[in-house]
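Novice: Just passing along the structure, written as structure tokens.
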Amino acid sequence: MNFELTEEERLIKNMTRVFANEVIIPQIDESYETKEFPLGIFQQMADLGLMGLKYPEEYGGSGASNMAYITAMEEIARGDCGVGLTWGVHQTLGSVSIIKFGTEQQKEKYLPKMAAGEWLGAFGLSEANAGSDNQGMECKAELQDDGTWKVNGTKMFISNTGTPLSFGGIFLFVTGKTPSGKKEFTSFIVDKDTPGYSIGTKFKKMGFDWGDTREQIFEDCILSDEQRLGPRGNGFKQIMDTLDAARIGYAANSLGMAVRCYDEALKYGNERKQFGQTINSFQVTSFKLANMATKIELARLMVQKAAWMRDNNIPHTKEAAMAKYYASKICMEVASEAVQIHGGYGFSEEYPVCRYFRYGKMMEIGEGTNEINQIVISRHLGIAGL
Ligand SMILES: Cc1cc2nc3c(=O)[nH]c(=O)nc-3n(C[C@H](O)[C@H](O)[C@H](O)COP(=O)(O)OP(=O)(O)OC[C@H]3O[C@@H](n4cnc5c(N)ncnc54)[C@H](O)[C@@H]3O)c2cc1C
């Protein structure tokens, strides 16, 4: 295992570090105030080629490695957790299935615009009664006599479909039953202007206030068979592979958030004086920082290992789940300690740790809750899960 960055990966790291410091951090507060999507930030990411980072070169992307992706994600999420999440969906959940399973026609239609940052990827799996339990999915696509599919049902909590860059997204529907009597799932790409498809209003959330999370409503929505993504009944298999990629990115997002919280706490603790000395000179605070730094180091190694395995085509479902579980858990712990070191000021919106603490909770819920990731890990350890 060699986690040393290549020359290209080092350049991407430096570029995203500067971009986070000079563009994301100074500009993002406005979006939290207005709750508007930070279009300018994403356009600047497109100008730098970041929107196409993981997209294949033949469709206008950079074809970068997973190692490059997690390195960039750590910096982008350090700049802002919500930019990290939005960008992460675009790089993994919203695109991997098109890249791997799409027809040539689908690739040519979607990938160049997505890689150029003109269109933003989205992915719809969750429903009101089907979050962790995918078998509970009810949103149905029925094959019609004329070969089209009629979709009815509602998806819940779907990111990125109502922004100025949204084109629709990849959705998973129930298309029948498997020979063993389980539900059969098939993926489709749905364009936003398809009759019968509409989106709800933006959810008000605990954090990530400008983030675009909505219901997706399908009412007798007719899709042509050309919108089907991969073979009928393959939807679940596709999602499992995509989730591995997404979990590694989500872990890197959590890591970047933890790094920002550590940096802010270190800076604040070096400046804030009580009892005539800086609070970092109290041993209890220095131990807190030492613990935070140790957790970050371990999380980074786990994220790098999972990315390295994916880059080298080594099965990595367990490592992706472990990285996601651990990095999101320490993200919440580090955010909490960072608020503690800031005292009352950490509870105020004046300091970014306040926002990171609220949003840190989301990292334990998305891409499979931490309990679901523990089930995945136990199964791979040979311990009976669900
Ligand atoms: C801001 C935001 C953005 C999102 N974006 C997307 C998106 O773009 N696309 C998408 O498809 N979804 C998205 N989601 C949905 C997200 O993936 C789900 O919220 C998540 O999978 C959990 O599902 P749930 O909320 O229904 O919780 P539930 O599945 O109802 O879980 C509730 C609790 O029960 C626990 N639990 C459930 N089953 C078990 C079990 N077998 N053993 C032990 N514990 C269990 C869970 O761990 C959790 O603690 C988003 C959610 C949010 C909040």
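Ligands are numbered from 1 in the order shown, chains are lettered A, B, ... in the order of the structure tokens, and residues start at 1 in each chain.
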Residues at most 6 Å from ligand 1, using only C-alpha atoms and all ligand atoms? Could they come as a count of residues only?

Specialist: 18

Novice: Show which residues sit within 6 Å of Val174 (chain A), as a PyMOL selection string. Count only C-alpha atoms, and ignore same-chain residues fewer than 4 positions away.

Specialist: chain A and resi 140+184-185

Novice: For Asn66 (chain A), please output as a ChimeraX atom specification all residues within 9 Å (counting only C-alpha atoms; exclusion window: fewer than 2 positions along the same chain).

Specialist: /A:54,64,68-71,245,248-249,304,307-308,310-311

Novice: Keeping only N, CA and C atoms, write the selected residues to a file as a PDB file, in the first residue's frame.

Specialist:
```pdb
ATOM      1  N   LYS A  54     -14.021  13.227 -11.615  1.00  0.00           N
ATOM      2  CA  LYS A  54     -14.028  11.758 -11.700  1.00  0.00           C
ATOM      3  C   LYS A  54     -14.669  11.248 -12.999  1.00  0.00           C
ATOM      4  N   ALA A  64      -9.948  11.371 -12.944  1.00  0.00           N
ATOM      5  CA  ALA A  64      -9.034  11.312 -11.790  1.00  0.00           C
ATOM      6  C   ALA A  64      -9.300  10.075 -10.935  1.00  0.00           C
ATOM      7  N   ALA A  68      -7.368  10.937  -5.699  1.00  0.00           N
ATOM      8  CA  ALA A  68      -7.428  12.376  -6.000  1.00  0.00           C
ATOM      9  C   ALA A  68      -8.756  12.951  -5.504  1.00  0.00           C
ATOM     10  N   TYR A  69      -9.822  12.168  -5.717  1.00  0.00           N
ATOM     11  CA  TYR A  69     -11.163  12.632  -5.322  1.00  0.00           C
ATOM     12  C   TYR A  69     -11.254  12.860  -3.813  1.00  0.00           C
ATOM     13  N   ILE A  70     -10.782  11.881  -3.016  1.00  0.00           N
ATOM     14  CA  ILE A  70     -10.916  12.061  -1.553  1.00  0.00           C
ATOM     15  C   ILE A  70     -10.005  13.175  -1.041  1.00  0.00           C
ATOM     16  N   THR A  71      -8.889  13.363  -1.729  1.00  0.00           N
ATOM     17  CA  THR A  71      -7.966  14.428  -1.334  1.00  0.00           C
ATOM     18  C   THR A  71      -8.619  15.795  -1.588  1.00  0.00           C
ATOM     19  N   ALA A 245     -18.618   3.664  -3.598  1.00  0.00           N
ATOM     20  CA  ALA A 245     -17.918   4.891  -4.015  1.00  0.00           C
ATOM     21  C   ALA A 245     -18.413   6.078  -3.194  1.00  0.00           C
ATOM     22  N   ILE A 248     -17.097   6.257   0.447  1.00  0.00           N
ATOM     23  CA  ILE A 248     -15.706   6.728   0.566  1.00  0.00           C
ATOM     24  C   ILE A 248     -15.701   8.268   0.477  1.00  0.00           C
ATOM     25  N   GLY A 249     -16.470   8.799  -0.458  1.00  0.00           N
ATOM     26  CA  GLY A 249     -16.550  10.260  -0.601  1.00  0.00           C
ATOM     27  C   GLY A 249     -17.165  10.909   0.625  1.00  0.00           C
ATOM     28  N   GLN A 304      -8.160   6.796   3.004  1.00  0.00           N
ATOM     29  CA  GLN A 304      -7.151   6.558   1.950  1.00  0.00           C
ATOM     30  C   GLN A 304      -7.090   5.083   1.583  1.00  0.00           C
ATOM     31  N   ALA A 307     -10.064   4.200  -0.596  1.00  0.00           N
ATOM     32  CA  ALA A 307      -9.919   4.795  -1.946  1.00  0.00           C
ATOM     33  C   ALA A 307      -8.857   4.041  -2.742  1.00  0.00           C
ATOM     34  N   TRP A 308      -7.767   3.719  -2.078  1.00  0.00           N
ATOM     35  CA  TRP A 308      -6.677   2.971  -2.739  1.00  0.00           C
ATOM     36  C   TRP A 308      -7.186   1.613  -3.211  1.00  0.00           C
ATOM     37  N   ARG A 310     -10.284   0.795  -3.993  1.00  0.00           N
ATOM     38  CA  ARG A 310     -11.184   1.014  -5.136  1.00  0.00           C
ATOM     39  C   ARG A 310     -10.358   1.300  -6.394  1.00  0.00           C
ATOM     40  N   ASP A 311      -9.335   2.129  -6.263  1.00  0.00           N
ATOM     41  CA  ASP A 311      -8.484   2.431  -7.424  1.00  0.00           C
ATOM     42  C   ASP A 311      -7.800   1.178  -7.959  1.00  0.00           C
TER      43      ASP A 311
END
```

Novice: Write out as CSV a residue-level contact list of region 204-313 of chain A versus region 21-33 of chain A with cut-off 12 Å: for each qualifying residue the closest pair of atoms and the distance in Å to one decimal, counting only C-alpha atoms, rows sorted by chain and residue number upward.

Specialist:
```
residue,atom,partner,partner_atom,distance
A:Gly207,CA,A:Tyr32,CA,9.4
A:Phe208,CA,A:Tyr32,CA,7.7
A:Asp209,CA,A:Tyr32,CA,6.0
A:Trp210,CA,A:Tyr32,CA,5.9
A:Gly211,CA,A:Tyr32,CA,9.2
A:Asp212,CA,A:Ser31,CA,11.9
A:Arg260,CA,A:Ile25,CA,10.8
```

Novice: I need the residues from that last selection saved to file as a JSON list (two decimals), in the first residue's frame (with N, CA and C atoms), if you can.

Specialist:
```
[["chain", "number", "residue", "atom", "x", "y", "z"],
["A", 207, "GLY", "N", -29.41, 21.78, 9.56],
["A", 207, "GLY", "CA", -28.22, 22.46, 9.07],
["A", 207, "GLY", "C", -28.26, 22.43, 7.56],
["A", 208, "PHE", "N", -27.16, 22.90, 6.90],
["A", 208, "PHE", "CA", -27.08, 22.86, 5.45],
["A", 208, "PHE", "C", -28.29, 23.59, 4.86],
["A", 209, "ASP", "N", -28.50, 24.80, 5.38],
["A", 209, "ASP", "CA", -29.73, 25.54, 5.12],
["A", 209, "ASP", "C", -29.99, 25.81, 3.64],
["A", 210, "TRP", "N", -28.91, 26.04, 2.86],
["A", 210, "TRP", "CA", -29.13, 26.34, 1.43],
["A", 210, "TRP", "C", -29.27, 25.06, 0.61],
["A", 211, "GLY", "N", -28.98, 23.92, 1.22],
["A", 211, "GLY", "CA", -28.95, 22.65, 0.49],
["A", 211, "GLY", "C", -30.32, 22.30, -0.07],
["A", 212, "ASP", "N", -30.29, 21.65, -1.22],
["A", 212, "ASP", "CA", -31.53, 21.38, -1.95],
["A", 212, "ASP", "C", -31.99, 19.94, -1.69],
["A", 260, "ARG", "N", -11.51, 21.02, 9.62],
["A", 260, "ARG", "CA", -11.87, 22.44, 9.79],
["A", 260, "ARG", "C", -12.16, 22.75, 11.27]]
```

Novice: Have a look at CA of Ala335 (chain A) and CA of Met322 (chain A) and let me know their distance in Å, one decimal.

Specialist: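 We find that CA of Ala335 (chain A) and CA of Met322 (chain A) lie 19.7 Å from each other.
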
Novice: Going by DSSP on the backbone, which bits of region 144-385 of chain A are strand (DSSP E)? Write them as a ChimeraX atom specification, please.

Specialist: /A:149-159,168-177,183-191,197-199,213-223,228-229,273-274,277-278

Novice: Go ahead and dump the residues you just picked, C-alpha atoms, as a compact mmCIF listing (two decimals), in the first residue's frame.

Specialist:
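Wrote it out as result-v3.txt, contents follow:
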```txt
# COMPACT_ATOMS: atom_id res chain seq x y z
CA TRP A 149 -42.85 2.72 -18.42
CA LYS A 150 -45.55 4.36 -16.29
CA VAL A 151 -44.17 5.64 -12.95
CA ASN A 152 -46.23 6.41 -9.85
CA GLY A 153 -45.06 7.19 -6.32
CA THR A 154 -43.00 9.65 -4.28
CA LYS A 155 -39.32 9.77 -3.36
CA MET A 156 -38.25 11.44 -0.11
CA PHE A 157 -35.24 13.61 0.89
CA ILE A 158 -33.59 13.76 -2.54
CA SER A 159 -30.65 16.17 -2.91
CA GLY A 168 -33.37 15.56 -13.13
CA GLY A 169 -31.50 12.51 -11.90
CA ILE A 170 -31.11 8.76 -11.53
CA PHE A 171 -34.01 7.05 -9.77
CA LEU A 172 -34.65 3.52 -8.62
CA PHE A 173 -38.16 2.07 -9.08
CA VAL A 174 -39.86 -1.24 -8.37
CA THR A 175 -40.44 -2.91 -11.75
CA GLY A 176 -41.83 -6.29 -10.67
CA LYS A 177 -40.81 -9.33 -8.66
CA LYS A 183 -39.07 -6.84 -5.29
CA GLU A 184 -37.26 -6.23 -8.56
CA PHE A 185 -35.55 -2.83 -8.87
CA THR A 186 -34.51 -1.05 -12.04
CA SER A 187 -32.74 2.31 -12.47
CA PHE A 188 -33.93 5.06 -14.80
CA ILE A 189 -32.66 8.50 -15.73
CA VAL A 190 -35.49 11.02 -15.45
CA ASP A 191 -35.25 14.45 -17.12
CA TYR A 197 -42.59 14.38 -12.78
CA SER A 198 -42.41 17.26 -10.32
CA ILE A 199 -40.44 18.26 -7.24
CA THR A 213 -33.42 18.43 -0.41
CA ARG A 214 -36.93 17.69 -1.72
CA GLU A 215 -39.69 15.21 -2.39
CA GLN A 216 -39.91 13.92 -5.96
CA ILE A 217 -43.41 13.22 -7.21
CA PHE A 218 -44.29 10.85 -10.07
CA GLU A 219 -47.91 10.87 -11.28
CA ASP A 220 -48.54 8.72 -14.35
CA CYS A 221 -45.09 9.80 -15.50
CA ILE A 222 -44.25 8.08 -18.82
CA LEU A 223 -40.62 7.17 -19.46
CA ARG A 228 -33.81 2.73 -18.45
CA LEU A 229 -30.28 2.56 -17.00
CA LYS A 273 -7.14 34.02 27.21
CA GLN A 274 -8.66 33.14 30.57
CA GLN A 277 -3.14 32.50 29.81
CA THR A 278 -4.31 31.06 26.50
```

Novice: Check region 112-282 of chain A with DSSP on the backbone and list each residue it calls helix (DSSP H, G or I), as a PyMOL selection string.

Specialist: chain A and resi 112-115+134-136+225-227+235-271+279-281

Novice: Quick one, how far is CA of Lys329 (chain A) from CA of Leu120 (chain A)?

Specialist: 28.1 Å

Novice: Take CA of Gly60 (chain A) and CA of Thr16 (chain A) and report the distance between them in Å, one decimal.

Specialist: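 About the pair CA of Gly60 (chain A) and CA of Thr16 (chain A): they are 19.4 Å apart.
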
Novice: Here is a test: counting only C-alpha atoms, which residue of A:Ser62, A:Thr294, A:Gln283, A:Ser95 is nearest to Ile12 (chain A)?

Specialist: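 Looking at the shortest contact to Ile12 (chain A), the residue is A:Ser62.
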
Novice: In terms of the shortest atom-to-atom distance over only C-alpha atoms, which of A:Lys109, A:His316, A:His380, A:Arg358 is closest to Tyr59 (chain A)?

Specialist: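 Closest to Tyr59 (chain A) of all the choices is A:Lys109.
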
Novice: Mind checking which residues fall within 6 Å of region 250-253 of chain A, counting only C-alpha atoms, ignoring those fewer than 6 positions away in the same chain, and posting them as a ChimeraX atom specification?

Specialist: /A:70,73-74,77,84,323-324,327

Novice: Kindly export the residues of the current selection with N, CA and C atoms, as a PDB file, in the first residue's frame.

Specialist:
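Wrote out04.pdb, looks like this:
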```pdb
ATOM      1  N   ILE A  70     -10.782  11.881  -3.016  1.00  0.00           N
ATOM      2  CA  ILE A  70     -10.916  12.061  -1.553  1.00  0.00           C
ATOM      3  C   ILE A  70     -10.005  13.175  -1.041  1.00  0.00           C
ATOM      4  N   MET A  73     -11.881  16.229  -1.894  1.00  0.00           N
ATOM      5  CA  MET A  73     -13.078  16.325  -1.039  1.00  0.00           C
ATOM      6  C   MET A  73     -12.723  16.817   0.361  1.00  0.00           C
ATOM      7  N   GLU A  74     -11.597  16.336   0.898  1.00  0.00           N
ATOM      8  CA  GLU A  74     -11.206  16.789   2.242  1.00  0.00           C
ATOM      9  C   GLU A  74     -11.063  18.314   2.255  1.00  0.00           C
ATOM     10  N   ALA A  77     -14.645  20.087   1.606  1.00  0.00           N
ATOM     11  CA  ALA A  77     -15.518  20.011   2.796  1.00  0.00           C
ATOM     12  C   ALA A  77     -14.955  20.835   3.941  1.00  0.00           C
ATOM     13  N   GLY A  84     -19.328  20.279  -0.095  1.00  0.00           N
ATOM     14  CA  GLY A  84     -18.808  18.905  -0.171  1.00  0.00           C
ATOM     15  C   GLY A  84     -19.908  17.909  -0.475  1.00  0.00           C
ATOM     16  N   ALA A 323     -14.817   3.123   6.817  1.00  0.00           N
ATOM     17  CA  ALA A 323     -14.338   4.507   6.692  1.00  0.00           C
ATOM     18  C   ALA A 323     -15.489   5.481   6.909  1.00  0.00           C
ATOM     19  N   LYS A 324     -16.654   5.174   6.307  1.00  0.00           N
ATOM     20  CA  LYS A 324     -17.816   6.062   6.453  1.00  0.00           C
ATOM     21  C   LYS A 324     -18.266   6.112   7.918  1.00  0.00           C
ATOM     22  N   ALA A 327     -15.298   7.829  10.143  1.00  0.00           N
ATOM     23  CA  ALA A 327     -15.049   9.254   9.856  1.00  0.00           C
ATOM     24  C   ALA A 327     -16.240  10.120  10.268  1.00  0.00           C
TER      25      ALA A 327
END
```

Novice: From the list A:Met67, A:Ala46, A:Thr242, A:Ile279, which residue is nearest Ile99 (chain A) when using only C-alpha atoms?

Specialist: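 When distances to Ile99 (chain A) are compared using only C-alpha atoms, the smallest one comes from A:Thr242.
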
Novice: My list of candidates is A:Ile296, A:Val376, A:Val96, A:Val284. Which is closest to Met114 (chain A) when distances are computed with only C-alpha atoms?

Specialist: A:Val96

Novice: Find the residues around Lys100 (chain A) up to 12 Å (only C-alpha atoms counted), leave out those fewer than 6 positions away in its own chain, and share them as a PyMOL selection string.

Specialist: chain A and resi 55-56+92-94+106-107+111+229-230+237-239+241-242

Novice: Could you save the residues just selected, with C-alpha atoms, as a tab-separated table (two decimals), in the first residue's frame?

Specialist:
```
chain	number	residue	atom	x	y	z
A	55	TYR	CA	-15.75	11.75	-15.10
A	56	PRO	CA	-14.06	9.85	-17.96
A	92	THR	CA	-20.63	9.47	-7.17
A	93	LEU	CA	-24.34	8.68	-6.62
A	94	GLY	CA	-25.53	10.91	-9.44
A	106	GLN	CA	-27.04	7.99	-22.48
A	107	LYS	CA	-23.35	8.70	-21.86
A	111	LEU	CA	-21.85	13.00	-19.15
A	229	LEU	CA	-30.28	2.56	-17.00
A	230	GLY	CA	-28.81	-0.91	-17.36
A	237	LYS	CA	-26.68	-4.38	-7.87
A	238	GLN	CA	-25.79	-1.05	-9.47
A	239	ILE	CA	-26.67	0.82	-6.30
A	241	ASP	CA	-21.43	-0.59	-6.25
A	242	THR	CA	-22.31	3.11	-6.36
```
